[in-house]
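> Take a look at this one; I'll ask things after.
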Amino acid sequence: MKGTEQFQEVIAAYLDQRAAEDVQFAERRAEVNRPIEEITRYIIQQVKASGFTAMTSEEVFGLAMTAAEESELEIGEAIPCQVVINRAQLTDDDRAEAKRRAMENVLKEQEAKLRRPMVTPKKPAKAESEEEPALSLFD
């Protein structure tokens, strides 16, 4: 599956989920009835216009909602590009290894703490409540 097709599927799934959770969004989306191809094209155009080469999921989903809700948006021509979706999917072995490393790090930190010499904090000098009288040569 090409990256752009996968991108369209992810955006469509997100918009469907939002429509299921938010009745007002579902109504506005149904009124506009914009195809997913136009929505993803709008997102790509906005990313290009921003000058960035990457965006967070929240930013992309926000653009998708805007394109799905607003009928007055002008959707330009398709921009030739490759869309990459970053999804970190760990296997069970990867998770176990990460957990093992985290435990090793915690144990090393605790051992280092225990090996440090105990330092008792110095007590601040008492502030004298009474001043000693100054000696005078003229008395």
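Numbering starts fresh at 1 for the residues of each chain in the structure tokens, the chains themselves are lettered A, B, ... in the order given, and ligands are numbered from 1 as they appear.
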Would you kindly return, as a VMD selection string, each protein, DNA or RNA residue with an atom no farther than 8 Å from any atom of segment 43-57 of chain A, considering only C-alpha atoms and excluding same-chain residues fewer than 3 positions away?
chain A and resid 39 to 40 60 to 61 63 to 64 67 76 79
> Write out as a PyMOL selection string all residues of segment 57-105 of chain A that DSSP puts in alpha helix (DSSP H) for this structure's backbone.
chain A and resi 57-69+92-105
> Could you pull the residues within 10 Å of Glu31 of chain A, counting only C-alpha atoms, minus those fewer than 6 positions along the same chain, as a ChimeraX atom specification?
/A:25,68-71
> Interatomic distance between atom CA of Glu5 of chain A and atom CA of Glu59 of chain A?
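Computing it gives 19.2 Å between the two atoms.
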> Would you mind reading off the distance between atom CA of Ala19 of chain A and atom CA of Val84 of chain A, one decimal, in Å?
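Atom CA of Val84 of chain A lies at a distance of 24.9 Å from atom CA of Ala19 of chain A.
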> Near Val10 of chain A, within 10 Å and counting only C-alpha atoms, which residues show up once chain neighbours fewer than 6 positions away are dropped, as a list of chain:residue names?
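Those residues are A:Thr4, A:Asp16, A:Phe61, A:Ile85.
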> For Arg18 of chain A, which residue out of A:Cys81, A:Met103, A:Ala112, A:Met65 is the nearest one, using only C-alpha atoms?
A:Met65
